[in-house]
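**Q** Data: structure_8.cif, mmCIF, C-alpha atoms.
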```cif
data_target
loop_
_atom_site.label_atom_id
_atom_site.label_comp_id
_atom_site.auth_asym_id
_atom_site.auth_seq_id
_atom_site.Cartn_x
_atom_site.Cartn_y
_atom_site.Cartn_z
CA MET A 1 -63.77 74.17 -26.79
CA SER A 2 -61.65 71.54 -25.16
CA GLY A 3 -62.53 68.08 -24.00
CA VAL A 4 -63.17 66.23 -20.76
CA MET A 5 -60.26 63.81 -20.58
CA GLY A 6 -58.52 65.65 -17.74
CA GLU A 7 -56.35 67.96 -19.79
CA GLU A 8 -55.30 69.94 -16.71
CA ASP A 9 -53.11 67.04 -15.61
CA LEU A 10 -51.91 66.26 -19.12
CA VAL A 11 -51.53 69.39 -21.23
CA PRO A 12 -48.40 71.38 -20.23
CA ARG A 13 -49.06 74.86 -18.91
CA ALA A 14 -46.90 77.88 -19.61
CA ARG A 15 -43.91 78.00 -17.27
CA SER A 16 -43.88 80.56 -14.46
CA ARG A 17 -41.12 82.86 -13.20
CA LEU A 18 -40.35 80.65 -10.18
CA PRO A 19 -36.74 79.80 -11.23
CA VAL A 20 -35.97 83.50 -11.67
CA VAL A 21 -37.44 84.38 -8.28
CA CYS A 22 -35.60 81.55 -6.54
CA SER A 23 -32.30 82.44 -8.20
CA ALA A 24 -32.67 86.09 -7.25
CA GLY A 25 -33.57 85.22 -3.67
CA LEU A 26 -30.66 82.81 -3.25
CA GLY A 27 -28.30 85.33 -4.87
CA LEU A 28 -29.27 88.03 -2.39
CA LEU A 29 -28.86 85.53 0.45
CA MET A 30 -25.37 84.62 -0.71
CA LEU A 31 -24.44 88.30 -0.94
CA LEU A 32 -25.57 88.77 2.64
CA VAL A 33 -23.52 85.79 3.81
CA ALA A 34 -20.42 87.07 1.96
CA TRP A 35 -20.83 90.50 3.52
CA LEU A 36 -21.17 89.03 7.02
CA LEU A 37 -18.05 86.89 6.59
CA ASP A 38 -15.81 89.71 5.34
CA PRO A 39 -17.51 93.13 5.39
CA ASP A 40 -14.26 95.05 4.90
CA ARG A 41 -13.37 93.56 1.51
CA PHE A 42 -16.94 92.86 0.32
CA SER A 43 -17.18 95.82 -2.06
CA GLU A 44 -13.74 95.19 -3.53
CA ARG A 45 -14.38 91.51 -4.22
CA ALA A 46 -17.89 92.09 -5.57
CA GLY A 47 -16.57 94.70 -7.98
CA MET A 48 -13.79 92.43 -9.22
CA ILE A 49 -16.20 89.52 -9.79
CA ALA A 50 -18.62 91.76 -11.68
CA PHE A 51 -15.69 93.04 -13.75
CA CYS A 52 -14.60 89.47 -14.62
CA ILE A 53 -18.10 88.31 -15.56
CA THR A 54 -18.59 91.32 -17.84
CA VAL A 55 -15.22 90.85 -19.55
CA GLU A 56 -15.60 87.10 -20.12
CA THR A 57 -19.15 87.52 -21.47
CA PHE A 58 -17.89 90.21 -23.84
CA ILE A 59 -15.05 87.96 -25.04
CA HIS A 60 -17.50 85.14 -25.72
CA SER A 61 -19.72 87.54 -27.68
CA MET A 62 -16.69 88.52 -29.76
CA CYS A 63 -16.16 84.85 -30.64
CA LEU A 64 -19.78 84.64 -31.79
CA PHE A 65 -19.33 87.81 -33.81
CA ALA A 66 -16.27 86.35 -35.57
CA GLU A 67 -18.24 83.25 -36.65
CA GLU A 68 -21.21 85.23 -37.96
CA TRP A 69 -19.13 87.88 -39.70
CA LEU A 70 -16.69 85.51 -41.42
CA PHE A 71 -19.07 82.76 -42.56
CA HIS A 72 -22.70 83.97 -42.39
CA SER A 73 -22.61 87.69 -43.09
CA ARG A 74 -24.05 87.57 -46.60
CA GLN A 75 -26.44 84.61 -46.26
CA ARG A 76 -28.01 85.43 -42.90
CA TYR A 77 -27.57 89.19 -42.53
CA HIS A 78 -27.20 90.46 -46.10
CA GLY A 79 -23.85 92.00 -45.18
CA ARG A 80 -25.30 94.31 -42.47
CA ILE A 81 -22.74 94.59 -39.69
CA ASN A 82 -25.20 96.26 -37.32
CA GLU A 83 -27.52 93.23 -37.46
CA ILE A 84 -24.60 90.89 -36.73
CA PHE A 85 -23.60 93.07 -33.78
CA GLN A 86 -27.14 93.08 -32.37
CA ALA A 87 -27.38 89.30 -32.72
CA CYS A 88 -24.11 88.64 -30.87
CA PHE A 89 -23.88 91.35 -28.20
CA ARG A 90 -26.44 92.01 -25.51
CA GLY A 91 -27.11 95.59 -24.55
CA HIS A 92 -26.14 95.26 -20.90
CA VAL A 93 -22.82 93.61 -21.83
CA VAL A 94 -21.90 96.49 -24.15
CA PHE A 95 -22.95 99.02 -21.52
CA GLY A 96 -20.87 97.22 -18.88
CA MET A 97 -17.76 97.13 -21.05
CA CYS A 98 -18.10 100.84 -21.87
CA SER A 99 -18.45 101.65 -18.16
CA ILE A 100 -15.38 99.55 -17.30
CA PHE A 101 -13.34 101.21 -20.04
CA LEU A 102 -14.26 104.69 -18.83
CA MET A 103 -13.47 103.85 -15.21
CA LEU A 104 -10.06 102.45 -16.19
CA MET A 105 -9.27 105.47 -18.34
CA LEU A 106 -10.25 107.91 -15.58
CA GLY A 107 -8.46 105.93 -12.88
CA VAL A 108 -11.61 105.37 -10.84
CA VAL A 109 -10.73 101.71 -10.25
CA SER A 110 -7.38 99.99 -9.90
CA PHE A 111 -6.33 96.43 -9.24
CA SER A 112 -3.52 94.98 -7.20
CA GLY A 113 -1.04 92.44 -8.53
CA GLU A 114 -2.98 89.53 -7.06
CA GLN A 115 -6.22 90.74 -8.60
CA ARG A 116 -4.60 91.23 -11.98
CA SER A 117 -3.55 87.57 -12.02
CA THR A 118 -6.98 86.43 -10.85
CA ILE A 119 -8.90 88.22 -13.62
CA PRO A 120 -7.39 86.33 -16.61
CA LEU A 121 -7.62 83.07 -14.68
CA MET A 122 -11.37 83.53 -14.10
CA CYS A 123 -11.90 84.50 -17.73
CA ALA A 124 -9.97 81.44 -18.93
CA VAL A 125 -11.98 79.07 -16.74
CA TYR A 126 -15.26 80.60 -17.94
CA LEU A 127 -14.36 80.39 -21.63
CA LEU A 128 -13.18 76.77 -21.31
CA LEU A 129 -16.34 75.69 -19.49
CA LYS A 130 -18.46 77.58 -22.03
CA SER A 131 -16.73 75.97 -25.01
CA LEU A 132 -17.09 72.49 -23.50
CA GLY A 133 -20.84 73.00 -22.97
CA PHE A 134 -20.84 72.95 -19.16
CA LEU A 135 -22.40 76.42 -18.98
CA GLY A 136 -24.89 75.89 -21.78
CA PRO A 137 -28.65 76.12 -21.24
CA ALA A 138 -30.41 73.13 -19.71
CA PRO A 139 -32.96 71.22 -21.83
CA VAL A 140 -35.81 72.80 -19.90
CA GLU A 141 -34.41 76.27 -20.68
CA ILE A 142 -34.23 75.45 -24.38
CA SER A 143 -37.82 74.20 -24.23
CA GLU A 144 -38.96 77.40 -22.50
CA ILE A 145 -37.19 79.57 -25.08
CA CYS A 146 -38.81 77.66 -27.95
CA GLU A 147 -42.26 77.98 -26.37
CA MET A 148 -41.87 81.68 -25.62
CA LYS A 149 -40.58 82.45 -29.11
CA LYS A 150 -43.16 80.14 -30.77
CA MET A 151 -40.36 78.15 -32.38
CA ASN A 152 -41.72 74.63 -31.90
CA VAL A 153 -42.94 72.46 -34.75
CA ALA A 154 -46.32 72.30 -33.03
CA HIS A 155 -46.77 76.08 -33.17
CA GLY A 156 -46.26 76.18 -36.92
CA LEU A 157 -48.55 73.22 -37.52
CA ALA A 158 -51.31 74.69 -35.34
CA TRP A 159 -51.21 78.05 -37.12
CA SER A 160 -51.11 76.35 -40.52
CA PHE A 161 -54.13 74.22 -39.58
CA TYR A 162 -56.04 77.32 -38.51
CA ILE A 163 -55.07 79.69 -41.32
CA GLY A 164 -55.28 77.14 -44.13
CA TYR A 165 -58.42 75.29 -43.06
CA LEU A 166 -60.33 76.04 -39.85
CA LYS A 167 -60.48 79.81 -40.31
CA PHE A 168 -62.90 79.55 -43.23
CA VAL A 169 -64.41 76.10 -42.64
CA LEU A 170 -65.72 76.69 -39.11
CA PRO A 171 -67.62 79.94 -39.79
CA ASP A 172 -69.39 78.26 -42.71
CA LEU A 173 -70.10 75.06 -40.80
CA GLN A 174 -73.36 76.34 -39.30
CA ASN A 175 -74.85 76.86 -42.77
CA LYS A 176 -73.78 73.41 -43.92
CA VAL A 177 -75.25 71.78 -40.83
CA SER A 178 -78.50 73.69 -41.30
CA GLN A 179 -78.76 72.50 -44.90
CA TYR A 180 -78.11 68.95 -43.79
CA SER A 181 -80.57 69.08 -40.87
CA SER A 182 -83.39 70.41 -43.06
CA THR A 183 -83.34 67.26 -45.21
CA LYS A 184 -81.48 64.53 -43.30
CA GLY A 185 -82.37 65.17 -39.68
CA LYS A 186 -80.88 67.04 -36.76
CA LEU A 187 -77.36 66.25 -35.60
CA SER A 188 -76.49 65.59 -31.97
CA SER A 189 -74.15 68.59 -32.09
CA PRO A 190 -73.62 71.28 -34.75
CA ARG A 191 -69.90 71.59 -33.95
CA LEU A 192 -66.89 70.14 -35.73
CA HIS A 193 -65.30 67.49 -33.50
CA ILE A 194 -61.53 67.32 -34.03
CA LEU A 195 -59.78 64.19 -32.75
CA LEU A 196 -56.22 64.51 -31.45
CA PRO A 197 -54.60 61.18 -30.43
CA LEU A 198 -51.59 61.61 -28.16
CA ASN A 199 -49.53 59.14 -30.15
CA ALA A 200 -50.24 61.20 -33.33
CA LYS A 201 -51.28 58.01 -35.12
CA VAL A 202 -54.11 59.06 -37.41
CA PRO A 203 -56.01 56.25 -39.16
CA THR A 204 -57.43 56.61 -42.64
CA LYS A 205 -60.93 55.93 -41.34
CA PRO A 206 -62.30 56.13 -37.78
CA GLU A 207 -63.96 52.76 -38.34
CA GLU A 208 -60.51 51.21 -38.20
CA GLU A 209 -60.23 52.26 -34.55
CA ASP A 210 -63.81 51.59 -33.44
CA THR A 211 -66.56 49.71 -35.24
CA ASN A 212 -69.20 51.73 -33.38
CA VAL A 213 -68.18 54.80 -35.37
CA ILE A 214 -69.74 54.52 -38.83
CA PHE A 215 -69.51 56.94 -41.73
CA HIS A 216 -72.90 58.31 -42.77
CA GLU A 217 -72.38 60.92 -45.49
CA ASN A 218 -70.63 64.20 -46.29
CA LEU A 219 -71.91 67.70 -45.69
CA PRO A 220 -72.32 70.04 -48.67
CA GLU A 221 -68.94 71.04 -50.03
CA LEU A 222 -67.26 74.40 -49.62
CA GLU A 223 -65.37 75.65 -52.68
CA ARG A 224 -62.66 78.32 -52.59
CA ASP A 225 -59.97 79.62 -54.90
CA THR A 226 -56.80 78.89 -52.94
CA ALA A 227 -53.12 79.21 -53.89
CA GLY A 228 -53.82 79.10 -57.62
CA VAL A 229 -56.27 76.20 -57.41
CA ARG A 230 -59.69 77.19 -58.73
CA LYS A 231 -62.69 75.99 -56.71
CA ARG A 232 -60.72 73.83 -54.32
CA SER A 233 -63.17 71.61 -52.45
CA TYR A 234 -63.40 71.36 -48.67
CA LYS A 235 -65.89 68.99 -47.09
CA ASN A 236 -66.67 67.47 -43.73
CA SER A 237 -68.09 64.07 -42.90
CA VAL A 238 -71.00 63.08 -40.68
CA TYR A 239 -70.59 59.93 -38.57
CA LYS A 240 -73.04 57.81 -36.62
CA ILE A 241 -71.86 56.66 -33.19
CA THR A 242 -73.73 53.91 -31.41
CA GLN A 243 -73.61 52.79 -27.78
CA ASP A 244 -76.08 50.62 -25.88
CA LYS A 245 -78.64 50.80 -28.68
CA GLU A 246 -78.40 54.61 -28.61
CA THR A 247 -77.27 56.45 -31.75
CA PHE A 248 -75.59 59.84 -31.98
CA SER A 249 -74.52 61.80 -35.04
CA CYS A 250 -71.94 64.53 -35.42
CA VAL A 251 -69.35 66.04 -37.75
CA LEU A 252 -66.07 64.30 -37.05
CA GLU A 253 -62.48 64.25 -38.31
CA TYR A 254 -58.89 63.83 -37.16
CA ALA A 255 -56.41 66.70 -36.99
CA THR A 256 -54.43 66.07 -40.17
CA PRO A 257 -51.25 67.94 -39.00
CA LEU A 258 -50.65 65.13 -36.52
CA LEU A 259 -49.78 62.93 -39.50
CA THR A 260 -46.76 65.17 -40.02
CA LEU A 261 -45.62 64.73 -36.43
CA TYR A 262 -46.07 60.97 -36.61
CA GLN A 263 -44.04 60.64 -39.80
CA MET A 264 -41.36 63.04 -38.55
CA SER A 265 -40.83 60.87 -35.46
CA HIS A 266 -39.90 57.99 -37.78
CA GLU A 267 -37.32 60.06 -39.68
CA SER A 268 -33.87 60.20 -38.10
CA SER A 269 -33.17 63.58 -39.68
CA ALA A 270 -36.20 65.16 -37.93
CA GLY A 271 -34.43 65.05 -34.57
CA PHE A 272 -37.10 63.88 -32.15
CA GLY A 273 -38.49 60.55 -31.03
CA GLU A 274 -41.62 59.27 -29.35
CA ARG A 275 -41.30 61.33 -26.15
CA GLU A 276 -40.69 64.55 -28.06
CA ARG A 277 -43.54 63.69 -30.41
CA LYS A 278 -45.99 63.44 -27.51
CA GLN A 279 -44.85 66.79 -26.17
CA GLN A 280 -45.36 68.33 -29.60
CA VAL A 281 -48.90 66.89 -29.76
CA LEU A 282 -49.74 68.45 -26.39
CA LEU A 283 -48.26 71.78 -27.47
CA PHE A 284 -50.24 71.54 -30.71
CA TYR A 285 -53.42 70.99 -28.69
CA ARG A 286 -52.68 73.92 -26.36
CA THR A 287 -51.71 76.29 -29.17
CA LEU A 288 -54.72 75.38 -31.32
CA SER A 289 -57.04 75.85 -28.33
CA GLN A 290 -55.66 79.32 -27.70
CA ILE A 291 -55.90 80.29 -31.36
CA LEU A 292 -59.51 79.15 -31.73
CA GLU A 293 -60.62 80.68 -28.44
CA ASP A 294 -59.23 84.03 -29.55
CA SER A 295 -61.02 83.80 -32.91
CA LEU A 296 -64.52 85.26 -32.67
CA GLU A 297 -65.55 83.69 -35.97
CA CYS A 298 -64.54 80.17 -34.86
CA ARG A 299 -65.56 80.21 -31.22
CA ASN A 300 -68.27 77.70 -30.24
CA HIS A 301 -68.06 75.98 -33.64
CA TYR A 302 -65.57 73.29 -32.69
CA ARG A 303 -64.72 70.67 -30.09
CA LEU A 304 -61.19 69.38 -29.50
CA ILE A 305 -61.09 65.79 -28.27
CA LEU A 306 -57.75 64.67 -26.86
CA LEU A 307 -57.43 60.90 -27.08
CA ASP A 308 -55.25 58.93 -24.68
CA ASP A 309 -52.85 56.45 -26.25
CA GLU A 310 -52.99 54.04 -23.30
CA HIS A 311 -56.34 52.39 -23.98
CA THR A 312 -55.13 49.10 -25.38
CA GLY A 313 -57.69 46.36 -25.02
CA ASP A 314 -60.73 48.64 -25.31
CA PRO A 315 -62.12 48.33 -28.85
CA HIS A 316 -64.78 51.01 -28.24
CA TYR A 317 -62.68 53.66 -26.53
CA LEU A 318 -63.14 56.14 -29.38
CA SER A 319 -66.94 55.95 -29.44
CA ARG A 320 -67.13 56.32 -25.64
CA GLU A 321 -64.99 59.45 -25.73
CA ILE A 322 -67.03 61.02 -28.52
CA ILE A 323 -70.35 60.26 -26.82
CA GLN A 324 -69.03 61.61 -23.54
CA HIS A 325 -68.26 64.90 -25.26
CA LEU A 326 -71.67 64.97 -26.95
CA LYS A 327 -73.45 64.43 -23.65
CA GLN A 328 -71.37 67.10 -21.99
CA GLN A 329 -72.41 69.58 -24.67
CA ASP A 330 -76.07 68.83 -23.92
CA ARG A 331 -75.47 69.94 -20.31
CA GLU A 332 -73.79 73.18 -21.30
CA ILE A 333 -75.72 76.43 -20.88
CA HIS A 334 -75.87 78.60 -23.98
CA MET A 335 -76.60 82.26 -23.33
CA ASP A 336 -78.70 84.05 -25.89
CA PRO A 337 -77.30 87.38 -27.07
CA ILE A 338 -78.71 90.38 -25.28
CA GLN A 339 -81.01 92.37 -27.51
CA GLU A 340 -80.63 96.10 -27.38
CA GLN A 341 -83.72 98.04 -26.42
CA THR A 342 -85.06 100.45 -28.98
CA ASN A 343 -85.81 104.04 -28.11
CA GLU A 344 -89.11 104.12 -29.96
CA ILE A 345 -91.92 105.85 -28.05
CA HIS A 346 -95.31 104.20 -28.35
CA PRO A 347 -98.54 105.80 -27.23
CA VAL A 348 -99.66 104.43 -23.88
CA PRO A 349 -103.36 104.15 -23.19
CA GLU A 350 -104.87 105.59 -20.04
CA GLU A 351 -106.25 102.21 -19.00
CA GLY A 352 -104.28 98.98 -19.40
CA PRO A 353 -101.00 97.44 -18.25
CA ILE A 354 -99.48 100.93 -17.79
CA LYS A 355 -101.51 103.75 -16.29
CA TYR A 356 -100.76 107.41 -15.72
CA PHE A 357 -101.47 109.28 -12.50
CA ASN A 358 -100.41 112.93 -12.03
CA GLY A 359 -97.85 112.56 -14.81
CA VAL A 360 -96.28 109.42 -13.30
CA ARG A 361 -96.50 105.98 -14.95
CA HIS A 362 -97.60 103.04 -12.82
CA ALA A 363 -97.61 99.44 -14.05
CA THR A 364 -100.27 96.94 -13.14
CA TYR A 365 -99.40 93.25 -13.16
CA PRO A 366 -101.81 90.36 -13.50
CA GLU A 367 -101.91 87.96 -10.64
CA ASP A 368 -100.19 84.66 -11.38
CA PRO A 369 -101.18 81.35 -9.82
CA ILE A 370 -98.88 80.02 -7.10
CA SER A 371 -96.09 77.88 -8.52
CA ASN A 372 -93.66 75.46 -6.86
CA ASP A 373 -90.84 76.66 -9.14
CA PRO A 374 -88.55 79.38 -7.75
CA THR A 375 -89.36 82.73 -9.34
CA LEU A 376 -88.30 86.32 -8.94
CA MET A 377 -91.19 88.13 -7.21
CA PHE A 378 -92.02 91.83 -7.41
CA SER A 379 -94.47 93.52 -5.08
CA GLN A 380 -97.51 94.78 -6.94
CA PRO A 381 -97.88 98.59 -6.80
CA GLN A 382 -101.08 99.79 -5.21
CA SER A 383 -103.41 102.08 -7.06
CA LEU A 384 -103.41 105.68 -5.84
CA ARG A 385 -106.78 106.64 -7.26
CA SER A 386 -108.69 105.82 -4.04
CA GLU A 387 -106.20 107.60 -1.76
CA PRO A 388 -106.35 111.30 -0.76
CA VAL A 389 -104.43 113.48 -3.13
CA GLU A 390 -102.37 116.46 -1.96
CA THR A 391 -103.21 119.45 -4.19
CA THR A 392 -101.49 122.27 -2.35
CA ASP A 393 -99.50 124.51 -4.67
CA TYR A 394 -96.29 125.24 -2.80
CA PHE A 395 -94.68 127.22 -5.58
CA ASN A 396 -97.30 130.01 -5.54
CA GLN A 397 -97.20 130.55 -1.75
CA PRO A 398 -95.02 133.29 -0.24
CA ILE A 399 -91.81 132.16 1.46
CA ASN A 400 -91.62 133.09 5.14
CA ALA A 401 -88.44 134.66 6.44
CA LYS A 402 -88.61 132.64 9.62
CA ARG A 403 -88.90 128.84 9.68
#
```
Can you present the structure in this file as structure tokens?
**A**
Amino acid sequence: MSGVMGEEDLVPRARSRLPVVCSAGLGLLMLLVAWLLDPDRFSERAGMIAFCITVETFIHSMCLFAEEWLFHSRQRYHGRINEIFQACFRGHVVFGMCSIFLMLMLGVVSFSGEQRSTIPLMCAVYLLLKSLGFLGPAPVEISEICEMKKMNVAHGLAWSFYIGYLKFVLPDLQNKVSQYSSTKGKLSSPRLHILLPLNAKVPTKPEEEDTNVIFHENLPELERDTAGVRKRSYKNSVYKITQDKETFSCVLEYATPLLTLYQMSHESSAGFGERERKQQVLLFYRTLSQILEDSLECRNHYRLILLDDEHTGDPHYLSREIIQHLKQQDREIHMDPIQEQTNEIHPVPEEGPIKYFNGVRHATYPEDPISNDPTLMFSQPQSLRSEPVETTDYFNQPINAKR
């Protein structure tokens, strides 16, 4: 579960299709304007422009194919030409070029001398602008592609954190907390609270950030055979948090993958600075939230706490955020699982809470005293024993022809 710091205004949401819709709408509008200005030559010009765009895109794909085939065929594609072709040529470009070739061979389309000189000029301008980077994707497009393809550093770190740690620690956490509570006392929350500072700066000990957060002791260890290491130990720590003479206790730790992001931002070869690091932290938070919410074995066993990095001057910011999350959990409503009703048939006495009358069961309810609390009221069924009973046997009487 996520925190209460106002993540809706901070955590980036998945991008919508608004740019595509706007581009399509404006494109149709421009086509309408072009048709109104010159309806006689509209079809001819539109066909020539479509022809030029298809040809220049195909030529650019051929340049990509030459690079991949000459220098990367063995290392990247294991010498498979079909994989190189699929990586360089889009399906609609190949289909367009085949259609153009067939139309030229059959004489369906023809170009005048002016059009023939315009086609290579348009292709040359496109290829020059493409090679100089003027027609390359914008930074926001690159970001969208990386998010859609799960190619960000944050995606890999979030999945590694889940697969290599949370996936088996969180399901076992309830047992560890129960063992601890039976001897040491009940915790304020049985969940694992994971701290995620936006600046990715993870201290060695939480006490270094806030003196109101004090280490208490560790939960019982979890041992697993992992990656060749026999009985690798995993353990979580319990901390005491104090505020206004009030003490809370919970299982607490920082998200260790953020250490990687912080150290990468200080390496020039990593390729991103402070701004990119913050975006990666937010993507890490969003990706980890989605992963844990989709995991039935981890759901409701964790709490993600996103920490703002603009709290300079407040020495007890960390403890206030943790306590705020703990108090919010106390106000949450936990629904008990619905128990399935059994189909066992028990003998029902003639007299008691359920009575039989002419083969029909009637329930009697004890009268409850009047309460001020809102309740769901049912009208009490009246007994039928004192009322006249109809005993006519309609099935044995003859049926009259006339009604």
**Q** Using all atoms listed in the file, collect all residues at a distance of at most 12 Å from (-21.4, 78.8, -24.0) as written in the file, then present them as a PyMOL selection string.
**A** chain A and resi 56-61+63-64+125-138
**Q** Report, in Å with one decimal, the straight-line distance from atom CA of Pro315 of chain A to atom CA of Glu208 of chain A.
**A** 9.9 Å
**Q** What separation in Å, quoted to one decimal, exists between atom CA of Tyr180 of chain A and atom CA of Lys205 of chain A?
**A** 21.7 Å
**Q** Which residues match the PyMOL selection byres ((chain A and resi 325) around 10) in the file above, as a PyMOL selection string?
**A** chain A and resi 2-5+189+193+303-305+319-324+326-330
**Q** Which distance in Å separates atom CA of His266 of chain A and atom CA of Pro12 of chain A, to one decimal?
**A**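 Atom CA of Pro12 of chain A lies 23.7 Å from atom CA of His266 of chain A.
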**Q** With all atoms listed in the file as the counted atoms, please give the residues lying no more than 10 Å from Met148 of chain A, apart from itself and same-chain residues fewer than 5 positions off, as a list in words.
**A**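 Using all atoms listed in the file, the neighbours found are Ala14, Arg15, Ile142 and Ser143 of chain A.
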**Q** Could you state which residues are captured by the PyMOL selection byres ((chain A and resi 156) around 12) in this file, as a list in words?
**A** Cys146, Glu147, Lys149, Lys150, Met151, Asn152, Val153, Ala154, His155, Leu157, Ala158, Trp159, Ser160, Phe161, Tyr162, Ile163, Gly164, Pro257, Leu258, Thr260, Leu261, Gln280, Leu283, Phe284, Thr287, Leu288 and Ile291 of chain A
**Q** Of the residues A:Thr256, A:Ser117, A:Ser112, A:Ser289, which is the one nearest to Leu195 of chain A, using all atoms listed in the file?
**A**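 Comparing A:Thr256, A:Ser117, A:Ser112, A:Ser289 against Leu195 of chain A, the winner is A:Thr256.
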**Q** Counting all atoms listed in the file, figure out which residue out of A:His301, A:Phe89, A:Leu296, A:Ser265 gets nearest to Leu192 of chain A.
**A**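 Of the candidates, the smallest distance to Leu192 of chain A is held by A:His301.
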**Q** Taking into account all atoms listed in the file, which residue in the set A:Pro171, A:Pro206, A:Gly79, A:Pro120 is nearest to Met48 of chain A?
**A**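 Distance minimum relative to Met48 of chain A lands on A:Pro120.
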